[in-house]
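**Student:** One file: work_14.csv (CSV, C-alpha atoms).
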```
chain,number,residue,atom,x,y,z
A,267,MET,CA,-60.9,45.1,-47.9
A,268,LEU,CA,-63.8,46.7,-49.6
A,269,LEU,CA,-66.3,44.4,-51.2
A,270,GLU,CA,-69.1,45.3,-53.6
A,271,ILE,CA,-71.6,42.8,-55.0
A,272,ILE,CA,-73.7,44.2,-57.7
A,273,SER,CA,-76.4,42.8,-59.9
A,274,PRO,CA,-78.0,44.7,-62.8
A,275,ASP,CA,-81.1,45.5,-60.7
A,276,LYS,CA,-79.5,46.5,-57.4
A,277,SER,CA,-76.5,46.5,-55.1
A,278,LEU,CA,-76.5,43.3,-53.1
A,279,TYR,CA,-73.7,43.9,-50.7
A,280,SER,CA,-71.3,46.7,-49.9
A,281,GLY,CA,-68.9,46.9,-47.0
A,282,GLU,CA,-65.6,46.2,-45.4
A,283,ILE,CA,-64.7,42.6,-45.1
A,284,LEU,CA,-61.9,40.3,-43.9
A,285,SER,CA,-62.3,37.5,-46.4
A,286,ILE,CA,-64.5,36.2,-49.1
A,287,ARG,CA,-65.0,32.7,-50.5
A,288,VAL,CA,-66.4,32.4,-54.0
A,289,PRO,CA,-67.5,29.5,-56.2
A,290,GLY,CA,-64.9,30.1,-59.0
A,291,SER,CA,-65.2,28.3,-62.3
A,292,LYS,CA,-62.0,26.3,-61.6
A,293,GLY,CA,-63.1,25.6,-58.0
A,294,SER,CA,-64.0,27.4,-54.9
A,295,PHE,CA,-61.3,29.9,-53.6
A,296,GLU,CA,-60.9,32.4,-51.0
A,297,ILE,CA,-59.5,35.9,-51.2
A,298,LEU,CA,-57.8,37.5,-48.2
A,299,LYS,CA,-56.1,40.8,-47.8
A,300,ASN,CA,-53.4,41.7,-50.3
A,301,HIS,CA,-54.4,39.1,-52.8
A,302,ALA,CA,-52.8,39.5,-56.3
A,303,PRO,CA,-55.1,41.1,-58.9
A,304,ILE,CA,-57.4,38.5,-60.2
A,305,ILE,CA,-60.4,38.2,-62.6
A,306,SER,CA,-62.4,35.0,-62.4
A,307,THR,CA,-65.7,33.8,-63.5
A,308,LEU,CA,-68.1,32.3,-61.0
A,309,GLU,CA,-70.4,29.3,-61.0
A,310,LYS,CA,-73.8,29.0,-59.4
A,311,GLY,CA,-73.3,28.7,-55.7
A,312,MET,CA,-72.8,30.5,-52.4
A,313,ILE,CA,-70.5,33.5,-51.7
A,314,ASN,CA,-69.4,33.3,-48.1
A,315,ILE,CA,-68.2,36.6,-46.6
A,316,ARG,CA,-66.5,37.2,-43.2
A,317,GLU,CA,-67.3,40.8,-42.3
A,318,LYS,CA,-64.9,43.1,-40.4
A,319,ASN,CA,-66.7,42.5,-37.1
A,320,GLY,CA,-66.4,38.8,-37.5
A,321,ASN,CA,-70.0,38.2,-38.6
A,322,LYS,CA,-70.5,35.7,-41.4
A,323,THR,CA,-72.9,36.3,-44.3
A,324,SER,CA,-73.6,34.3,-47.4
A,325,ILE,CA,-75.2,35.3,-50.6
A,326,GLU,CA,-76.4,32.9,-53.3
A,327,VAL,CA,-75.5,33.8,-56.9
A,328,ASN,CA,-76.3,32.2,-60.2
A,329,GLY,CA,-72.9,32.7,-61.8
A,330,GLY,CA,-71.0,35.9,-62.3
A,331,VAL,CA,-67.6,37.3,-62.4
A,332,ILE,CA,-65.2,38.6,-59.7
A,333,GLU,CA,-62.5,41.2,-60.0
A,334,ALA,CA,-60.1,41.9,-57.2
A,335,LYS,CA,-57.3,44.5,-57.1
A,336,ASN,CA,-55.7,46.7,-54.6
A,337,ASN,CA,-57.9,45.2,-51.8
A,338,LYS,CA,-61.0,46.3,-53.7
A,339,ILE,CA,-63.3,43.4,-54.7
A,340,ILE,CA,-66.2,43.7,-57.1
A,341,VAL,CA,-68.5,40.8,-57.9
A,342,LEU,CA,-70.9,41.1,-60.8
A,343,ALA,CA,-73.6,38.7,-60.0
A,344,GLU,CA,-76.4,37.6,-62.2
A,345,ASN,CA,-79.9,36.7,-61.0
A,346,ALA,CA,-78.7,36.6,-57.4
A,347,LYS,CA,-81.5,36.2,-54.9
B,77,MET,CA,-121.9,84.8,-81.3
B,78,ALA,CA,-122.4,81.5,-79.6
B,79,ASN,CA,-124.9,81.6,-76.8
B,80,LEU,CA,-123.9,81.6,-73.1
B,81,LYS,CA,-124.9,78.0,-72.3
B,82,GLU,CA,-122.9,76.6,-75.2
B,83,ILE,CA,-119.8,78.4,-74.1
B,84,ARG,CA,-120.3,77.3,-70.5
B,85,VAL,CA,-120.6,73.7,-71.4
B,86,ARG,CA,-117.5,73.9,-73.6
B,87,ARG,CA,-115.5,75.5,-70.8
B,88,GLU,CA,-116.4,72.8,-68.3
B,89,SER,CA,-115.4,70.1,-70.7
B,90,VAL,CA,-112.1,71.7,-71.5
B,91,ALA,CA,-111.4,72.2,-67.8
B,92,SER,CA,-112.0,68.6,-67.0
B,93,THR,CA,-109.8,67.5,-69.9
B,94,ARG,CA,-107.1,69.7,-68.6
B,95,GLN,CA,-107.3,68.2,-65.2
B,96,ILE,CA,-106.9,64.7,-66.7
B,97,THR,CA,-103.9,65.7,-68.9
B,98,SER,CA,-102.2,67.5,-66.0
B,99,ALA,CA,-102.7,64.4,-63.8
B,100,MET,CA,-101.3,62.2,-66.5
B,101,LYS,CA,-98.3,64.4,-66.7
B,102,MET,CA,-97.6,64.0,-62.9
B,103,VAL,CA,-98.0,60.3,-63.2
B,104,ALA,CA,-95.6,60.1,-66.1
B,105,ALA,CA,-93.1,62.3,-64.2
B,106,ALA,CA,-93.2,59.9,-61.3
B,107,LYS,CA,-92.7,56.9,-63.5
B,108,LEU,CA,-90.0,58.6,-65.4
B,109,LYS,CA,-88.1,59.1,-62.1
B,110,LYS,CA,-88.4,55.4,-61.3
B,111,ALA,CA,-87.2,54.4,-64.8
B,112,GLN,CA,-84.3,56.8,-64.6
B,113,ASN,CA,-83.3,55.3,-61.2
B,114,ALA,CA,-83.2,51.9,-62.7
B,115,ILE,CA,-80.9,53.2,-65.4
B,116,VAL,CA,-78.6,54.8,-62.8
B,117,GLN,CA,-78.7,51.5,-60.8
B,118,LEU,CA,-77.5,49.6,-63.9
B,119,ARG,CA,-74.6,52.0,-64.6
B,120,PRO,CA,-72.0,50.6,-62.1
B,121,TYR,CA,-72.6,47.1,-63.3
B,122,ALA,CA,-72.3,48.1,-67.0
B,123,GLU,CA,-69.2,50.1,-66.3
B,124,LYS,CA,-67.4,47.3,-64.5
B,125,MET,CA,-68.4,44.9,-67.2
B,126,GLN,CA,-66.9,47.2,-69.8
B,127,GLU,CA,-63.7,47.5,-67.7
B,128,ILE,CA,-63.4,43.7,-67.5
B,129,LEU,CA,-64.1,43.3,-71.2
B,130,GLY,CA,-61.4,46.0,-71.7
B,131,SER,CA,-58.8,44.0,-70.0
B,132,LEU,CA,-59.7,41.1,-72.3
B,133,SER,CA,-59.6,43.2,-75.5
B,134,GLY,CA,-56.6,41.3,-76.7
B,135,SER,CA,-58.5,38.1,-76.6
B,136,ILE,CA,-61.5,39.7,-78.2
B,137,ARG,CA,-59.4,40.6,-81.3
B,138,THR,CA,-58.1,37.1,-81.7
B,139,ASP,CA,-61.4,35.4,-81.0
B,140,LYS,CA,-62.7,33.9,-84.2
B,141,GLY,CA,-65.9,32.1,-84.6
B,142,ASN,CA,-67.5,33.1,-81.4
B,143,LEU,CA,-70.9,31.6,-80.9
B,144,TYR,CA,-72.5,35.0,-81.0
B,145,ALA,CA,-70.4,36.5,-83.7
B,146,GLN,CA,-70.9,34.1,-86.6
B,147,ASP,CA,-71.0,36.0,-89.9
B,148,ARG,CA,-73.6,34.1,-91.8
B,149,ASP,CA,-75.4,34.9,-95.0
B,150,GLU,CA,-78.3,37.1,-93.9
B,151,GLU,CA,-81.2,35.0,-94.9
B,152,ASN,CA,-83.5,35.1,-91.9
B,153,ILE,CA,-83.8,38.4,-90.1
B,154,LEU,CA,-85.3,39.1,-86.8
B,155,LEU,CA,-86.4,42.6,-85.8
B,156,VAL,CA,-87.2,43.4,-82.2
B,157,LEU,CA,-89.5,46.4,-81.9
B,158,ILE,CA,-89.9,48.0,-78.5
B,159,THR,CA,-92.9,50.2,-78.1
B,160,SER,CA,-95.2,51.0,-75.2
B,161,ASN,CA,-98.5,49.5,-74.0
B,162,ARG,CA,-100.4,52.7,-73.9
B,163,GLY,CA,-100.8,55.7,-76.2
B,164,LEU,CA,-101.0,59.4,-75.4
B,165,CYS,CA,-97.3,59.8,-75.7
B,166,GLY,CA,-96.9,61.8,-78.8
B,167,ALA,CA,-95.1,60.3,-81.7
B,168,PHE,CA,-93.3,57.8,-79.5
B,169,ASN,CA,-94.8,54.6,-80.9
B,170,SER,CA,-95.5,55.7,-84.4
B,171,ASN,CA,-91.9,56.8,-84.9
B,172,ALA,CA,-90.5,53.4,-83.7
B,173,ILE,CA,-93.0,51.5,-85.8
B,174,LYS,CA,-92.3,53.6,-88.9
B,175,ALA,CA,-88.5,53.2,-88.4
B,176,ALA,CA,-88.8,49.4,-88.0
B,177,ILE,CA,-90.9,49.0,-91.2
B,178,GLN,CA,-88.9,51.5,-93.2
B,179,GLY,CA,-85.6,49.9,-92.0
B,180,ALA,CA,-86.9,46.5,-93.0
B,181,LEU,CA,-87.9,47.7,-96.4
B,182,ASP,CA,-84.7,49.6,-97.1
B,183,THR,CA,-82.1,47.2,-95.6
B,184,TYR,CA,-83.8,43.9,-96.1
B,185,SER,CA,-85.9,44.4,-99.1
B,186,TYR,CA,-85.0,41.0,-100.5
B,187,GLN,CA,-85.7,39.1,-97.3
B,188,MET,CA,-88.9,41.1,-96.9
B,189,MET,CA,-90.1,39.9,-100.3
B,190,ALA,CA,-89.3,36.3,-99.4
B,191,GLY,CA,-91.1,36.7,-96.1
B,192,GLN,CA,-88.0,36.1,-94.1
B,193,VAL,CA,-88.2,39.1,-91.9
B,194,HIS,CA,-89.9,38.2,-88.6
B,195,PHE,CA,-90.7,40.4,-85.6
B,196,VAL,CA,-90.5,40.2,-81.9
B,197,ALA,CA,-92.9,42.8,-80.5
B,198,ILE,CA,-92.3,44.2,-77.0
B,199,GLY,CA,-95.2,46.4,-76.0
B,200,LYS,CA,-98.8,46.3,-77.1
B,201,LYS,CA,-98.8,49.2,-79.6
B,202,GLY,CA,-96.1,47.7,-81.9
B,203,ASN,CA,-97.7,44.3,-81.7
B,204,ASP,CA,-101.1,45.6,-82.6
B,205,PHE,CA,-99.8,47.4,-85.6
B,206,LEU,CA,-97.7,44.6,-86.9
B,207,LYS,CA,-100.5,42.0,-86.5
B,208,ARG,CA,-103.0,44.3,-88.1
B,209,ASN,CA,-100.8,44.8,-91.1
B,210,GLY,CA,-100.0,41.2,-91.6
B,211,TYR,CA,-96.4,41.1,-90.5
B,212,ASN,CA,-95.1,37.9,-89.0
B,213,VAL,CA,-94.8,38.4,-85.2
B,214,ILE,CA,-93.2,35.3,-83.7
B,215,TYR,CA,-93.3,36.5,-80.1
B,216,ASN,CA,-94.8,39.3,-78.2
B,217,VAL,CA,-94.8,40.5,-74.6
B,218,SER,CA,-96.6,43.4,-73.2
B,219,ASP,CA,-96.7,42.7,-69.4
B,220,ILE,CA,-93.0,43.2,-69.0
B,221,PHE,CA,-93.4,46.9,-68.3
B,222,ASP,CA,-95.7,46.1,-65.3
B,223,ASP,CA,-92.7,44.7,-63.5
B,224,LEU,CA,-89.5,45.5,-65.3
B,225,THR,CA,-86.7,43.4,-63.9
B,226,PHE,CA,-83.5,42.1,-65.2
B,227,GLU,CA,-84.7,38.6,-64.8
B,228,ARG,CA,-87.7,39.1,-67.1
B,229,SER,CA,-85.8,40.9,-69.8
B,230,THR,CA,-83.1,38.1,-69.6
B,231,LEU,CA,-85.7,35.5,-70.5
B,232,ILE,CA,-86.5,37.3,-73.7
B,233,ALA,CA,-82.8,38.0,-74.4
B,234,GLU,CA,-82.0,34.3,-73.9
B,235,MET,CA,-84.7,33.3,-76.2
B,236,ILE,CA,-83.5,35.6,-79.0
B,237,MET,CA,-79.9,34.5,-78.4
B,238,LYS,CA,-80.9,30.9,-78.7
B,239,TYR,CA,-82.7,31.6,-82.0
B,240,TYR,CA,-79.5,33.1,-83.3
B,241,VAL,CA,-77.2,30.3,-82.1
B,242,ASP,CA,-79.5,27.6,-83.4
B,243,GLY,CA,-79.4,29.3,-86.8
B,244,ASP,CA,-83.1,30.2,-87.0
B,245,TYR,CA,-82.1,33.8,-87.6
B,246,ASP,CA,-78.9,35.2,-89.0
B,247,HIS,CA,-79.2,38.8,-88.0
B,248,VAL,CA,-81.1,40.5,-85.1
B,249,ASP,CA,-81.7,44.2,-84.9
B,250,ILE,CA,-83.5,46.1,-82.1
B,251,VAL,CA,-85.5,49.2,-82.9
B,252,TYR,CA,-86.2,51.4,-79.9
B,253,ASN,CA,-86.2,54.9,-78.5
B,254,GLN,CA,-83.0,55.7,-76.8
B,255,PHE,CA,-83.3,57.9,-73.7
B,256,ARG,CA,-81.4,61.2,-73.8
B,257,ASN,CA,-83.5,63.3,-71.4
B,258,ALA,CA,-87.2,63.8,-70.6
B,259,ALA,CA,-87.8,65.8,-73.7
B,260,THR,CA,-85.5,64.0,-76.1
B,261,GLN,CA,-85.7,60.5,-77.4
B,262,ILE,CA,-83.4,59.2,-80.0
B,263,LEU,CA,-84.8,56.7,-82.4
B,264,THR,CA,-82.2,54.0,-82.7
B,265,THR,CA,-81.7,50.8,-84.7
B,266,GLU,CA,-79.1,48.7,-83.1
B,267,GLN,CA,-77.5,45.5,-84.2
B,268,PHE,CA,-77.9,43.0,-81.4
B,269,LEU,CA,-76.5,39.9,-83.1
B,270,PRO,CA,-74.1,38.9,-84.5
B,271,ILE,CA,-71.7,40.9,-82.2
B,272,ARG,CA,-69.1,42.8,-84.1
B,273,MET,CA,-66.0,41.8,-82.3
B,274,ASP,CA,-63.8,44.6,-83.6
B,275,GLU,CA,-66.2,47.1,-82.3
B,276,LEU,CA,-66.5,45.4,-79.0
B,277,ALA,CA,-62.7,45.5,-78.7
B,278,ASN,CA,-62.4,49.1,-79.7
B,279,GLU,CA,-65.2,50.4,-77.6
B,280,ASN,CA,-63.8,48.8,-74.5
B,281,GLU,CA,-60.2,49.6,-75.2
B,282,VAL,CA,-58.7,50.9,-72.0
B,283,PRO,CA,-55.0,50.9,-71.1
B,284,VAL,CA,-54.6,48.1,-68.6
B,285,ASN,CA,-51.6,48.2,-66.5
B,286,VAL,CA,-52.7,45.8,-63.9
B,287,ASP,CA,-51.2,42.3,-64.2
B,288,TYR,CA,-54.3,40.2,-63.6
B,289,ILE,CA,-54.4,36.5,-62.9
B,290,PHE,CA,-57.2,35.1,-65.1
B,291,GLU,CA,-59.1,32.2,-63.8
B,292,PRO,CA,-59.5,29.8,-65.5
B,293,THR,CA,-58.3,31.5,-68.8
B,294,LYS,CA,-58.8,34.7,-70.6
B,295,ASP,CA,-60.7,32.9,-73.4
B,296,TYR,CA,-63.0,31.1,-71.0
B,297,ILE,CA,-63.8,34.3,-69.2
B,298,LEU,CA,-64.5,36.0,-72.5
B,299,GLN,CA,-66.9,33.2,-73.5
B,300,GLU,CA,-68.7,33.7,-70.2
B,301,MET,CA,-68.8,37.4,-70.4
B,302,ILE,CA,-70.2,37.8,-73.9
B,303,PRO,CA,-73.6,36.4,-73.2
B,304,ARG,CA,-73.7,38.4,-70.0
B,305,SER,CA,-72.9,41.5,-71.7
B,306,LEU,CA,-75.6,40.8,-74.3
B,307,LYS,CA,-78.2,40.3,-71.7
B,308,MET,CA,-77.2,43.5,-70.0
B,309,GLN,CA,-77.4,45.3,-73.3
B,310,PHE,CA,-80.9,44.0,-73.9
B,311,TYR,CA,-82.0,45.0,-70.4
B,312,LYS,CA,-80.5,48.5,-70.9
B,313,THR,CA,-82.4,48.8,-74.2
B,314,ILE,CA,-85.7,48.0,-72.6
B,315,LEU,CA,-85.0,50.4,-69.7
B,316,ASP,CA,-84.1,53.1,-72.2
B,317,SER,CA,-87.3,52.6,-74.1
B,318,TYR,CA,-89.4,52.6,-70.9
B,319,ALA,CA,-87.8,55.8,-69.7
B,320,SER,CA,-88.3,57.4,-73.1
B,321,GLU,CA,-91.9,56.4,-73.1
B,322,HIS,CA,-92.6,58.3,-69.9
B,323,GLY,CA,-90.5,61.2,-71.0
B,324,ALA,CA,-92.5,61.4,-74.2
B,325,ARG,CA,-95.8,61.1,-72.4
B,326,MET,CA,-94.8,63.8,-69.9
B,327,THR,CA,-93.9,66.2,-72.7
B,328,ALA,CA,-97.1,65.4,-74.7
B,329,MET,CA,-99.3,65.9,-71.6
B,330,HIS,CA,-97.5,69.1,-70.7
B,331,LYS,CA,-98.2,70.5,-74.1
B,332,ALA,CA,-101.8,69.3,-73.9
B,333,THR,CA,-102.2,71.0,-70.5
B,334,ASP,CA,-100.8,74.2,-71.9
B,335,ASN,CA,-103.1,74.2,-74.8
B,336,ALA,CA,-106.1,73.6,-72.6
B,337,THR,CA,-105.1,76.5,-70.4
B,338,GLU,CA,-104.8,78.7,-73.5
B,339,LEU,CA,-108.2,77.5,-74.7
B,340,LEU,CA,-109.8,78.2,-71.4
B,341,LYS,CA,-108.5,81.8,-71.4
B,342,ASP,CA,-110.0,82.4,-74.9
B,343,LEU,CA,-113.3,80.8,-73.8
B,344,ALA,CA,-113.5,82.9,-70.7
B,345,LEU,CA,-113.1,86.0,-72.8
B,346,GLU,CA,-115.7,84.9,-75.2
B,347,TYR,CA,-118.1,84.0,-72.4
B,348,ASN,CA,-117.7,87.4,-70.8
B,349,LYS,CA,-118.3,89.2,-74.1
B,350,ALA,CA,-121.4,87.2,-74.7
B,351,ARG,CA,-122.6,87.9,-71.2
B,352,GLN,CA,-122.0,91.6,-71.6
B,353,ALA,CA,-123.8,91.6,-74.9
B,354,ALA,CA,-126.8,89.9,-73.3
B,355,ILE,CA,-126.9,92.5,-70.5
B,356,THR,CA,-126.7,95.4,-72.9
B,357,ASN,CA,-129.5,93.8,-74.9
B,358,GLU,CA,-131.7,93.5,-71.9
B,359,ILE,CA,-131.1,97.2,-70.8
B,360,ILE,CA,-131.9,98.3,-74.3
B,361,GLU,CA,-135.1,96.4,-74.2
B,362,ILE,CA,-136.1,97.8,-70.8
B,363,VAL,CA,-135.3,101.3,-71.8
B,364,GLY,CA,-137.1,100.9,-75.0
B,365,GLY,CA,-140.2,99.5,-73.1
B,366,ALA,CA,-140.1,102.3,-70.6
B,367,GLU,CA,-140.0,104.9,-73.3
B,368,ALA,CA,-142.9,103.3,-75.1
B,369,LEU,CA,-145.0,103.6,-71.9
B,370,ASN,CA,-144.0,107.2,-71.3
B,371,GLY,CA,-144.5,108.2,-74.9
```
Here is the file; what I need is its structure written in the form of structure tokens.

**Tutor:**
Amino acid sequence: MLLEIISPDKSLYSGEILSIRVPGSKGSFEILKNHAPIISTLEKGMINIREKNGNKTSIEVNGGVIEAKNNKIIVLAENAK
Amino acid sequence: MANLKEIRVRRESVASTRQITSAMKMVAAAKLKKAQNAIVQLRPYAEKMQEILGSLSGSIRTDKGNLYAQDRDEENILLVLITSNRGLCGAFNSNAIKAAIQGALDTYSYQMMAGQVHFVAIGKKGNDFLKRNGYNVIYNVSDIFDDLTFERSTLIAEMIMKYYVDGDYDHVDIVYNQFRNAATQILTTEQFLPIRMDELANENEVPVNVDYIFEPTKDYILQEMIPRSLKMQFYKTILDSYASEHGARMTAMHKATDNATELLKDLALEYNKARQAAITNEIIEIVGGAEALNG
């Protein structure tokens, strides 16, 4: 899956990943390969990413929105540091 | 004809001015590049946001009474005037100031008379003018351009949005120079609040053929997205103005440098003429003196 995390200032992450766990407004959830198309808002919290080579990365966001379709995930994050 | 020394002094001063204007042009060009990069950086974010809003356009149409789209009687007006901190950029600042004042007088003449039009001044030039002329400036920032980030612009945007939601102001307009290219700025007055929901829906209308799951609900997402989109719009406005400023300065300094070059050419010609005249004079004097001795 291709993941892109972008904030208005800059691109925070871009790359191939295996899975991503995000702090959704309705609760934390994970997106794996071939997930159905989804749009969800995010709360303040951590995004945990499992990269293709097995490495784990996490990025803190201050809310945002995620869109996933056709194995392409885009996170619009605000104020992420 | 002016004497040699006068012309020489004038030439030196024009040459040094030319050096300054050409240096300023280079600096403006570099800063313009930086500002343009920031605009380019924002683009994918803005586009994605539009796309998501597009897939929500159905909800936008049915959403009545959104916090940011209340149609109230326009009693208290807030005008946001974006200018630059420094001058020497042609008519950049004076155009924006003029448009803000003229717009206020034309559109809100009644509120102006009642003293219910207030200003937020971003940039020193606009603030100075408004204060000097006795307009009511409720808030001003000038250091935002030193370090232009989304975070800092968001603080101002949030403040303005709060004013609107709390009912302190019923209508917010932004007056700024929209960036087209380095030589062209388009003076724009944009309605910031309330949001016109119909327009928002029409602008973002895209055929959506993906069957999305919306978490938690379409409406909730919309409520979350609207303030985000407002903050982004505000940031974009400031970026635009910033890029326009440097574009305007670059053009102004380019013209100044050209004029100085032209002036130097004329002065050089004049100097040589004066020099030649002086030499001719001297020869005439020597010849005249020699003839007097021989005679």

**Student:** Please provide the set of residues having any atom within 10 Å of range 200-210 of chain B, restricted to all atoms listed in the file, with same-chain residues fewer than 5 positions apart removed, written as a PyMOL selection string.

**Tutor:** chain B and resi 156-163+169-170+172-174+176-177+195+215-219

**Student:** Could you work out how far CA of Thr333 in chain B lies from CA of Leu345 in chain B, giving the answer in Å with one decimal?

**Tutor:**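 Distance between the two atoms: 18.7 Å.
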
**Student:** Point out the residue among A:Glu326, A:Lys299, A:Ile304, A:Ser291 with the least atom-to-atom distance to Ile340 in chain A, counting only C-alpha atoms.

**Tutor:**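 Going through A:Glu326, A:Lys299, A:Ile304, A:Ser291 one by one, the smallest distance to Ile340 in chain A is for A:Ile304.
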
**Student:** Which residue out of B:Phe255, B:Tyr121, B:Phe268, B:Phe310 has the minimum interatomic distance to chain A when all atoms listed in the file are used?

**Tutor:**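 Answer, going by the shortest atom-to-atom distance: B:Tyr121.
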
**Student:** As a PyMOL selection string, could you give me every residue of chain A near chain B (at most 12 Å apart, counting all atoms listed in the file)?

**Tutor:** chain A and resi 270-278+289-295+301-309+328-336+339-347

**Student:** Please report the interatomic distance between CA of Asn212 in chain B and CA of Gln254 in chain B in Å with one decimal.

**Tutor:**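 A separation of 24.7 Å between them.
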
**Student:** So how many Å separate CA of Gly243 in chain B and CA of Tyr211 in chain B, to one decimal?

**Tutor:**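 Taking CA of Gly243 in chain B as the start and CA of Tyr211 in chain B as the end point, the length is 21.0 Å.
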
**Student:** Quick one: everything within 10 Å of Asn314 in chain A, counting only C-alpha atoms, minus sequence neighbours fewer than 4 positions away in the same chain. Send it as a ChimeraX atom specification.

**Tutor:** /A:285-289,296,322-326

**Student:** Need the shell around Asn319 in chain A: protein/DNA/RNA residues with any atom at most 12 Å away, counting only C-alpha atoms. Skip same-chain ones fewer than 5 positions apart. Format as a list in words?

**Tutor:**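 Result of the neighbour search: Gly281, Glu282, Ile283, Leu284 and Ser285 of chain A.
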
**Student:** Set the distance at 9 Å and use all atoms listed in the file: which residues neighbour range 135-145 of chain B once local chain neighbours fewer than 5 positions away are removed? I'd like the list as a list in words.

**Tutor:** Leu129, Met237, Tyr240, Val241, Leu269, Pro270, Ile271, Arg272, Met273, Asp274, Leu276, Ala277, Lys294, Asp295, Leu298, Gln299, Ile302 and Pro303 of chain B
